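Here is target-v1.pdb, consisting of PDB, C-alpha atoms:
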ATOM      1  CA  MET A   1      21.172  70.762  24.044  1.00  0.00           C
ATOM      2  CA  SER A   2      19.942  67.474  25.486  1.00  0.00           C
ATOM      3  CA  GLY A   3      22.212  64.919  27.121  1.00  0.00           C
ATOM      4  CA  LEU A   4      21.902  62.671  24.068  1.00  0.00           C
ATOM      5  CA  GLU A   5      22.775  65.487  21.678  1.00  0.00           C
ATOM      6  CA  GLU A   6      25.749  66.412  23.840  1.00  0.00           C
ATOM      7  CA  ALA A   7      27.058  62.831  23.871  1.00  0.00           C
ATOM      8  CA  ILE A   8      26.708  62.566  20.084  1.00  0.00           C
ATOM      9  CA  SER A   9      28.537  65.869  19.578  1.00  0.00           C
ATOM     10  CA  GLN A  10      31.315  65.063  22.051  1.00  0.00           C
ATOM     11  CA  ARG A  11      32.081  61.507  20.903  1.00  0.00           C
ATOM     12  CA  ARG A  12      35.520  61.225  19.337  1.00  0.00           C
ATOM     13  CA  SER A  13      37.828  58.383  18.390  1.00  0.00           C
ATOM     14  CA  THR A  14      40.398  58.548  21.174  1.00  0.00           C
ATOM     15  CA  ARG A  15      43.891  57.600  19.996  1.00  0.00           C
ATOM     16  CA  MET A  16      45.758  57.914  23.272  1.00  0.00           C
ATOM     17  CA  PHE A  17      44.456  57.037  26.730  1.00  0.00           C
ATOM     18  CA  LEU A  18      45.717  57.520  30.278  1.00  0.00           C
ATOM     19  CA  PRO A  19      46.912  53.944  30.950  1.00  0.00           C
ATOM     20  CA  ASP A  20      47.145  54.348  34.716  1.00  0.00           C
ATOM     21  CA  LYS A  21      43.675  55.819  35.217  1.00  0.00           C
ATOM     22  CA  PRO A  22      41.308  52.861  35.669  1.00  0.00           C
ATOM     23  CA  VAL A  23      37.732  52.693  34.403  1.00  0.00           C
ATOM     24  CA  PRO A  24      35.246  52.159  37.255  1.00  0.00           C
ATOM     25  CA  ARG A  25      33.360  48.899  36.742  1.00  0.00           C
ATOM     26  CA  GLU A  26      30.059  50.557  37.647  1.00  0.00           C
ATOM     27  CA  LEU A  27      30.373  52.951  34.687  1.00  0.00           C
ATOM     28  CA  LEU A  28      30.956  50.031  32.350  1.00  0.00           C
ATOM     29  CA  ASP A  29      27.984  48.171  33.794  1.00  0.00           C
ATOM     30  CA  GLU A  30      25.688  51.191  33.410  1.00  0.00           C
ATOM     31  CA  ALA A  31      26.737  51.791  29.807  1.00  0.00           C
ATOM     32  CA  LEU A  32      26.459  48.124  28.884  1.00  0.00           C
ATOM     33  CA  ALA A  33      22.959  47.882  30.360  1.00  0.00           C
ATOM     34  CA  LEU A  34      21.882  50.784  28.152  1.00  0.00           C
ATOM     35  CA  ALA A  35      23.579  49.325  25.068  1.00  0.00           C
ATOM     36  CA  MET A  36      21.645  46.090  25.545  1.00  0.00           C
ATOM     37  CA  ARG A  37      18.526  48.119  24.676  1.00  0.00           C
ATOM     38  CA  ALA A  38      19.738  48.436  21.071  1.00  0.00           C
ATOM     39  CA  PRO A  39      17.388  47.060  18.394  1.00  0.00           C
ATOM     40  CA  SER A  40      18.143  43.916  16.427  1.00  0.00           C
ATOM     41  CA  ASN A  41      16.476  41.711  13.838  1.00  0.00           C
ATOM     42  CA  THR A  42      13.919  39.412  15.561  1.00  0.00           C
ATOM     43  CA  ASN A  43      15.451  40.521  18.878  1.00  0.00           C
ATOM     44  CA  LEU A  44      18.387  38.227  18.168  1.00  0.00           C
ATOM     45  CA  GLN A  45      20.808  40.499  20.046  1.00  0.00           C
ATOM     46  CA  PRO A  46      23.676  39.127  17.955  1.00  0.00           C
ATOM     47  CA  TRP A  47      26.507  41.027  19.634  1.00  0.00           C
ATOM     48  CA  GLN A  48      29.171  39.311  21.699  1.00  0.00           C
ATOM     49  CA  LEU A  49      31.627  41.590  23.464  1.00  0.00           C
ATOM     50  CA  PHE A  50      34.739  40.367  25.267  1.00  0.00           C
ATOM     51  CA  LEU A  51      36.318  42.883  27.658  1.00  0.00           C
ATOM     52  CA  THR A  52      39.638  42.576  29.436  1.00  0.00           C
ATOM     53  CA  SER A  53      41.854  44.671  31.684  1.00  0.00           C
ATOM     54  CA  GLY A  54      44.850  44.299  33.961  1.00  0.00           C
ATOM     55  CA  ARG A  55      47.302  41.470  33.348  1.00  0.00           C
ATOM     56  CA  ARG A  56      45.050  39.652  30.886  1.00  0.00           C
ATOM     57  CA  ARG A  57      44.861  42.789  28.784  1.00  0.00           C
ATOM     58  CA  ASP A  58      48.647  43.199  28.949  1.00  0.00           C
ATOM     59  CA  ARG A  59      49.199  39.623  27.755  1.00  0.00           C
ATOM     60  CA  LEU A  60      46.796  40.210  24.873  1.00  0.00           C
ATOM     61  CA  VAL A  61      48.609  43.390  23.859  1.00  0.00           C
ATOM     62  CA  ALA A  62      52.001  41.670  24.011  1.00  0.00           C
ATOM     63  CA  ALA A  63      50.747  38.887  21.727  1.00  0.00           C
ATOM     64  CA  LEU A  64      49.214  41.341  19.243  1.00  0.00           C
ATOM     65  CA  LEU A  65      52.388  43.448  19.138  1.00  0.00           C
ATOM     66  CA  GLU A  66      54.391  40.303  18.441  1.00  0.00           C
ATOM     67  CA  ASP A  67      52.067  39.581  15.507  1.00  0.00           C
ATOM     68  CA  ALA A  68      52.342  43.141  14.211  1.00  0.00           C
ATOM     69  CA  SER A  69      56.139  43.169  14.573  1.00  0.00           C
ATOM     70  CA  ARG A  70      56.321  40.434  11.948  1.00  0.00           C
ATOM     71  CA  GLY A  71      54.703  42.759   9.444  1.00  0.00           C
ATOM     72  CA  PHE A  72      51.645  44.950   9.296  1.00  0.00           C
ATOM     73  CA  PRO A  73      48.601  43.307   7.701  1.00  0.00           C
ATOM     74  CA  GLU A  74      47.338  44.577   4.397  1.00  0.00           C
ATOM     75  CA  THR A  75      44.539  47.078   4.756  1.00  0.00           C
ATOM     76  CA  VAL A  76      41.346  45.473   3.516  1.00  0.00           C
ATOM     77  CA  GLY A  77      37.694  46.285   3.255  1.00  0.00           C
ATOM     78  CA  ILE A  78      37.722  49.464   1.156  1.00  0.00           C
ATOM     79  CA  PRO A  79      37.445  49.276  -2.647  1.00  0.00           C
ATOM     80  CA  GLU A  80      40.040  51.157  -4.661  1.00  0.00           C
ATOM     81  CA  ARG A  81      37.576  53.883  -5.676  1.00  0.00           C
ATOM     82  CA  PHE A  82      37.292  54.898  -2.003  1.00  0.00           C
ATOM     83  CA  ALA A  83      41.045  54.782  -1.315  1.00  0.00           C
ATOM     84  CA  PRO A  84      41.477  58.588  -1.636  1.00  0.00           C
ATOM     85  CA  LEU A  85      39.151  59.018   1.348  1.00  0.00           C
ATOM     86  CA  ARG A  86      41.389  56.760   3.427  1.00  0.00           C
ATOM     87  CA  PHE A  87      44.475  58.739   2.407  1.00  0.00           C
ATOM     88  CA  GLU A  88      42.727  62.004   3.227  1.00  0.00           C
ATOM     89  CA  PHE A  89      41.710  60.742   6.649  1.00  0.00           C
ATOM     90  CA  GLY A  90      45.205  59.383   7.306  1.00  0.00           C
ATOM     91  CA  ALA A  91      46.698  62.776   6.507  1.00  0.00           C
ATOM     92  CA  LEU A  92      44.381  64.403   9.046  1.00  0.00           C
ATOM     93  CA  VAL A  93      45.197  61.932  11.831  1.00  0.00           C
ATOM     94  CA  TYR A  94      48.957  61.775  11.286  1.00  0.00           C
ATOM     95  CA  GLY A  95      49.046  65.531  10.767  1.00  0.00           C
ATOM     96  CA  ALA A  96      47.322  66.051  14.115  1.00  0.00           C
ATOM     97  CA  MET A  97      50.018  63.891  15.705  1.00  0.00           C
ATOM     98  CA  GLY A  98      52.752  65.959  14.023  1.00  0.00           C
ATOM     99  CA  ILE A  99      53.965  63.050  11.901  1.00  0.00           C
ATOM    100  CA  ALA A 100      55.099  64.017   8.404  1.00  0.00           C
ATOM    101  CA  ARG A 101      54.178  61.910   5.382  1.00  0.00           C
ATOM    102  CA  ASP A 102      57.830  60.901   4.849  1.00  0.00           C
ATOM    103  CA  ASP A 103      58.396  60.018   8.516  1.00  0.00           C
ATOM    104  CA  SER A 104      58.217  56.247   8.097  1.00  0.00           C
ATOM    105  CA  GLU A 105      59.447  55.479  11.612  1.00  0.00           C
ATOM    106  CA  GLY A 106      56.977  57.875  13.202  1.00  0.00           C
ATOM    107  CA  ARG A 107      54.169  56.280  11.236  1.00  0.00           C
ATOM    108  CA  ARG A 108      55.315  52.786  12.195  1.00  0.00           C
ATOM    109  CA  VAL A 109      55.345  53.645  15.903  1.00  0.00           C
ATOM    110  CA  ALA A 110      51.959  55.338  15.653  1.00  0.00           C
ATOM    111  CA  ARG A 111      50.469  52.392  13.817  1.00  0.00           C
ATOM    112  CA  LEU A 112      51.730  49.933  16.415  1.00  0.00           C
ATOM    113  CA  ARG A 113      49.656  51.764  19.017  1.00  0.00           C
ATOM    114  CA  ASN A 114      46.591  50.255  17.356  1.00  0.00           C
ATOM    115  CA  TRP A 115      47.516  46.865  18.824  1.00  0.00           C
ATOM    116  CA  GLU A 116      48.117  48.429  22.233  1.00  0.00           C
ATOM    117  CA  PHE A 117      44.486  49.586  22.161  1.00  0.00           C
ATOM    118  CA  PHE A 118      46.069  53.049  22.287  1.00  0.00           C
ATOM    119  CA  ARG A 119      47.117  52.156  25.859  1.00  0.00           C
ATOM    120  CA  ALA A 120      43.516  52.078  27.070  1.00  0.00           C
ATOM    121  CA  PRO A 121      43.120  50.181  30.371  1.00  0.00           C
ATOM    122  CA  VAL A 122      40.073  48.318  29.033  1.00  0.00           C
ATOM    123  CA  ALA A 123      40.358  46.404  25.761  1.00  0.00           C
ATOM    124  CA  GLY A 124      37.358  44.960  23.970  1.00  0.00           C
ATOM    125  CA  VAL A 125      36.764  42.595  21.075  1.00  0.00           C
ATOM    126  CA  VAL A 126      33.408  42.696  19.282  1.00  0.00           C
ATOM    127  CA  CYS A 127      32.181  39.427  17.756  1.00  0.00           C
ATOM    128  CA  MET A 128      29.179  37.884  16.012  1.00  0.00           C
ATOM    129  CA  HIS A 129      28.237  34.279  15.275  1.00  0.00           C
ATOM    130  CA  ARG A 130      29.853  33.125  12.035  1.00  0.00           C
ATOM    131  CA  ASP A 131      26.525  31.970  10.552  1.00  0.00           C
ATOM    132  CA  LEU A 132      24.932  35.427  10.756  1.00  0.00           C
ATOM    133  CA  GLY A 133      25.036  37.987   7.972  1.00  0.00           C
ATOM    134  CA  SER A 134      24.872  41.668   7.130  1.00  0.00           C
ATOM    135  CA  THR A 135      21.410  42.243   8.619  1.00  0.00           C
ATOM    136  CA  ASP A 136      22.634  41.048  12.001  1.00  0.00           C
ATOM    137  CA  ALA A 137      25.883  43.004  11.640  1.00  0.00           C
ATOM    138  CA  VAL A 138      23.658  46.104  11.535  1.00  0.00           C
ATOM    139  CA  GLY A 139      22.326  45.056  14.940  1.00  0.00           C
ATOM    140  CA  VAL A 140      25.865  44.725  16.295  1.00  0.00           C
ATOM    141  CA  GLY A 141      26.608  48.198  14.978  1.00  0.00           C
ATOM    142  CA  MET A 142      23.584  49.677  16.741  1.00  0.00           C
ATOM    143  CA  PHE A 143      24.654  48.016  19.997  1.00  0.00           C
ATOM    144  CA  LEU A 144      28.168  49.365  19.571  1.00  0.00           C
ATOM    145  CA  GLN A 145      27.073  52.923  18.799  1.00  0.00           C
ATOM    146  CA  THR A 146      24.700  52.922  21.772  1.00  0.00           C
ATOM    147  CA  LEU A 147      27.567  51.752  23.971  1.00  0.00           C
ATOM    148  CA  LEU A 148      29.892  54.468  22.657  1.00  0.00           C
ATOM    149  CA  LEU A 149      27.358  57.186  23.434  1.00  0.00           C
ATOM    150  CA  ALA A 150      26.618  55.793  26.891  1.00  0.00           C
ATOM    151  CA  LEU A 151      30.345  55.713  27.690  1.00  0.00           C
ATOM    152  CA  THR A 152      30.835  59.220  26.304  1.00  0.00           C
ATOM    153  CA  ALA A 153      28.015  60.498  28.517  1.00  0.00           C
ATOM    154  CA  ARG A 154      29.944  59.085  31.489  1.00  0.00           C
ATOM    155  CA  GLY A 155      33.128  60.958  30.642  1.00  0.00           C
ATOM    156  CA  LEU A 156      34.962  58.052  29.026  1.00  0.00           C
ATOM    157  CA  GLY A 157      36.747  57.912  25.702  1.00  0.00           C
ATOM    158  CA  THR A 158      36.460  55.132  23.135  1.00  0.00           C
ATOM    159  CA  CYS A 159      37.875  53.997  19.823  1.00  0.00           C
ATOM    160  CA  VAL A 160      36.430  51.355  17.524  1.00  0.00           C
ATOM    161  CA  GLN A 161      39.364  49.559  15.886  1.00  0.00           C
ATOM    162  CA  ALA A 162      39.135  47.626  12.644  1.00  0.00           C
ATOM    163  CA  SER A 163      42.864  46.848  12.932  1.00  0.00           C
ATOM    164  CA  ILE A 164      42.312  44.494  15.871  1.00  0.00           C
ATOM    165  CA  ALA A 165      40.412  42.039  13.651  1.00  0.00           C
ATOM    166  CA  HIS A 166      43.517  41.409  11.535  1.00  0.00           C
ATOM    167  CA  PHE A 167      44.851  38.863  14.050  1.00  0.00           C
ATOM    168  CA  PRO A 168      41.799  36.744  14.896  1.00  0.00           C
ATOM    169  CA  ASP A 169      43.740  33.608  15.883  1.00  0.00           C
ATOM    170  CA  THR A 170      45.568  35.508  18.613  1.00  0.00           C
ATOM    171  CA  LEU A 171      42.339  37.061  19.872  1.00  0.00           C
ATOM    172  CA  HIS A 172      40.581  33.687  19.999  1.00  0.00           C
ATOM    173  CA  ALA A 173      43.478  32.119  21.888  1.00  0.00           C
ATOM    174  CA  GLN A 174      44.139  34.942  24.347  1.00  0.00           C
ATOM    175  CA  LEU A 175      40.504  35.637  25.253  1.00  0.00           C
ATOM    176  CA  GLU A 176      39.172  32.108  24.812  1.00  0.00           C
ATOM    177  CA  ILE A 177      36.701  33.266  22.189  1.00  0.00           C
ATOM    178  CA  PRO A 178      34.636  30.330  20.873  1.00  0.00           C
ATOM    179  CA  ASP A 179      35.456  29.159  17.345  1.00  0.00           C
ATOM    180  CA  ASP A 180      31.929  29.832  16.100  1.00  0.00           C
ATOM    181  CA  LEU A 181      32.330  33.587  16.650  1.00  0.00           C
ATOM    182  CA  THR A 182      33.751  35.930  14.024  1.00  0.00           C
ATOM    183  CA  VAL A 183      35.824  38.875  15.224  1.00  0.00           C
ATOM    184  CA  LEU A 184      34.447  42.135  13.806  1.00  0.00           C
ATOM    185  CA  CYS A 185      36.536  44.828  15.492  1.00  0.00           C
ATOM    186  CA  GLY A 186      38.238  45.959  18.658  1.00  0.00           C
ATOM    187  CA  LEU A 187      37.133  48.559  21.189  1.00  0.00           C
ATOM    188  CA  ALA A 188      39.390  50.673  23.403  1.00  0.00           C
ATOM    189  CA  ILE A 189      37.838  52.231  26.530  1.00  0.00           C
ATOM    190  CA  GLY A 190      39.415  54.610  29.017  1.00  0.00           C
ATOM    191  CA  HIS A 191      40.098  58.211  29.926  1.00  0.00           C
ATOM    192  CA  PRO A 192      41.463  60.262  27.013  1.00  0.00           C
ATOM    193  CA  ASP A 193      44.925  61.783  27.388  1.00  0.00           C
ATOM    194  CA  PRO A 194      44.180  65.535  27.125  1.00  0.00           C
ATOM    195  CA  SER A 195      47.772  66.317  26.113  1.00  0.00           C
ATOM    196  CA  PHE A 196      47.627  64.167  22.969  1.00  0.00           C
ATOM    197  CA  PRO A 197      46.823  66.487  20.019  1.00  0.00           C
ATOM    198  CA  ALA A 198      45.010  63.904  17.884  1.00  0.00           C
ATOM    199  CA  ASN A 199      42.436  63.450  20.662  1.00  0.00           C
ATOM    200  CA  HIS A 200      41.134  66.902  19.817  1.00  0.00           C
ATOM    201  CA  LEU A 201      40.799  66.236  16.097  1.00  0.00           C
ATOM    202  CA  ASP A 202      37.347  67.112  14.782  1.00  0.00           C
ATOM    203  CA  THR A 203      37.005  65.066  11.615  1.00  0.00           C
ATOM    204  CA  PRO A 204      34.765  66.582   8.928  1.00  0.00           C
ATOM    205  CA  ARG A 205      31.341  65.185   8.135  1.00  0.00           C
ATOM    206  CA  ASN A 206      29.410  65.266   4.883  1.00  0.00           C
ATOM    207  CA  ALA A 207      26.417  67.489   4.460  1.00  0.00           C
ATOM    208  CA  VAL A 208      23.214  65.543   5.091  1.00  0.00           C
ATOM    209  CA  GLY A 209      22.276  65.847   1.427  1.00  0.00           C
ATOM    210  CA  ASP A 210      25.417  63.969   0.382  1.00  0.00           C
ATOM    211  CA  ASN A 211      24.214  60.794   2.058  1.00  0.00           C
ATOM    212  CA  VAL A 212      20.459  61.128   2.508  1.00  0.00           C
ATOM    213  CA  ILE A 213      18.087  61.199  -0.463  1.00  0.00           C
ATOM    214  CA  PHE A 214      14.444  62.169  -0.085  1.00  0.00           C
ATOM    215  CA  ARG A 215      12.126  60.844  -2.799  1.00  0.00           C
ATOM    216  CA  GLU A 216       9.038  63.035  -2.918  1.00  0.00           C
TER     217      GLU A 216
END

Could I get this structure in the form of structure tokens?
Amino acid sequence: MSGLEEAISQRRSTRMFLPDKPVPRELLDEALALAMRAPSNTNLQPWQLFLTSGRRRDRLVAALLEDASRGFPETVGIPERFAPLRFEFGALVYGAMGIARDDSEGRRVARLRNWEFFRAPVAGVVCMHRDLGSTDAVGVGMFLQTLLLALTARGLGTCVQASIAHFPDTLHAQLEIPDDLTVLCGLAIGHPDPSFPANHLDTPRNAVGDNVIFRE
């Protein structure tokens, strides 16, 4: 198995990090330099990534938790016909954490960890200019996936977080993100906590034929 194949196979969404184990800056720099090689429409390179750690990260987390404490945002972005897939995935994740379906407090605590970046020491916010569209969002996605694989190859864990985008005003204020950028998602980076059961969850994937159609 090649190094690329190994990184693809090993990548997981980490849902609990070791908060006191820092991420060496040189590993971030190496991975980011590789991710910048991602393709994009007309070489626009539309991605904007804001990274923070230390006290700035802690202030951001405190502000996001204050937002979330006033009420969780409504889940958006998935049409009703796909809702069963979300429920199925939720059952897998919460089940791996040992949280029963009727354990409302356990689910609340687990959900709040989203806005802690799962305690990762490095917190990221992925943005794109507000005037760009879906074609350029594909470019951002290719940058992000390349970054995930490069970080995985360096022994780091990651989690792409749609939940972070629910509080854009707080993100803009805390990280001084320009108004002309749209927040797409968050990104947690750090060393996975090996004792956390959900970090070992191997989520199922469709057969290739379910998603890829050859027209002969």

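The shell of residues at most 10 Å from stretch 96-112 of chain A, with only C-alpha atoms counted and near chain neighbours (fewer than 2 positions) removed, consists of Arg15, Leu64, Leu65, Ala68, Ser69, Phe72, Gly90, Ala91, Leu92, Val93, Tyr94, Asn114, Trp115, Glu116, Phe117, Phe118, Ser163, Phe196, Pro197, Ala198, Asn199, His200 and Leu201 of chain A.
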
Quiz item: A:Leu144: which residues within 10 Å, counting only C-alpha atoms, same-chain residues fewer than 5 positions away excluded, as a list in words?
Solution: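 Close residues of A:Leu144: Leu32, Ala35, Met36, Ala38, Trp47, Leu49, Val126, Val138, Gly139, Leu149, Ala150, Val160 and Leu187 of chain A.
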
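As for atom CA of A:Pro204 and atom CA of A:Gln145, they are spaced 18.5 Å apart.
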
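Atom pair atom CA of A:Thr152 / atom CA of A:Ala120: separated by 14.6 Å.
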
Could you name the residues that touch A:Glu176 at 12 Å or less, counting only C-alpha atoms, but leaving out those on the same chain fewer than 5 positions away, as a PDB file with C-alpha atoms, in the coordinates of the input?
ATOM      1  CA  PHE A  50      34.739  40.367  25.267  1.00  0.00           C
ATOM      2  CA  LEU A  51      36.318  42.883  27.658  1.00  0.00           C
ATOM      3  CA  THR A  52      39.638  42.576  29.436  1.00  0.00           C
ATOM      4  CA  ARG A  56      45.050  39.652  30.886  1.00  0.00           C
ATOM      5  CA  LEU A  60      46.796  40.210  24.873  1.00  0.00           C
ATOM      6  CA  VAL A 125      36.764  42.595  21.075  1.00  0.00           C
ATOM      7  CA  PRO A 168      41.799  36.744  14.896  1.00  0.00           C
ATOM      8  CA  ASP A 169      43.740  33.608  15.883  1.00  0.00           C
ATOM      9  CA  THR A 170      45.568  35.508  18.613  1.00  0.00           C
ATOM     10  CA  LEU A 171      42.339  37.061  19.872  1.00  0.00           C
ATOM     11  CA  LEU A 181      32.330  33.587  16.650  1.00  0.00           C
TER      12      LEU A 181
END

Exercise. May I ask for the distance between atom CA of A:Leu85 and atom CA of A:Gln10, given in Å to one decimal place?
Key: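 Taking atom CA of A:Leu85 and atom CA of A:Gln10, their separation equals 22.9 Å.
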
Quiz item: Around (39.3, 44.7, 13.3) in the file's own coordinates, what residues are found within 6 Å if you use all atoms listed in the file, given back as number ranges by chain?
Solution: A: 161-166, 184-186

Exercise. Rank nothing, just name the residue among A:Arg154, A:Phe167, A:Ala123, A:Thr146 nearest to A:Arg55, using all atoms listed in the file.
Key: A:Ala123

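Every protein or nucleic acid residue with an atom no more than 12 Å from stretch 24-26 of chain A, counting all atoms listed in the file and leaving out same-chain residues fewer than 3 positions away, appears here: Lys21, Asp29, Glu30, Ala31, Leu32, Ala33, Leu51, Thr52, Ser53, Pro121, Val122, Leu151, Arg154, Gly155, Leu156, Ile189, Gly190 and His191 of chain A.
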
Quiz item: Hey, what comes out of the PyMOL selection byres ((chain A and resi 13) around 6) on this file? Could you write it as a ChimeraX atom specification?
Solution: /A:12,14,158-159
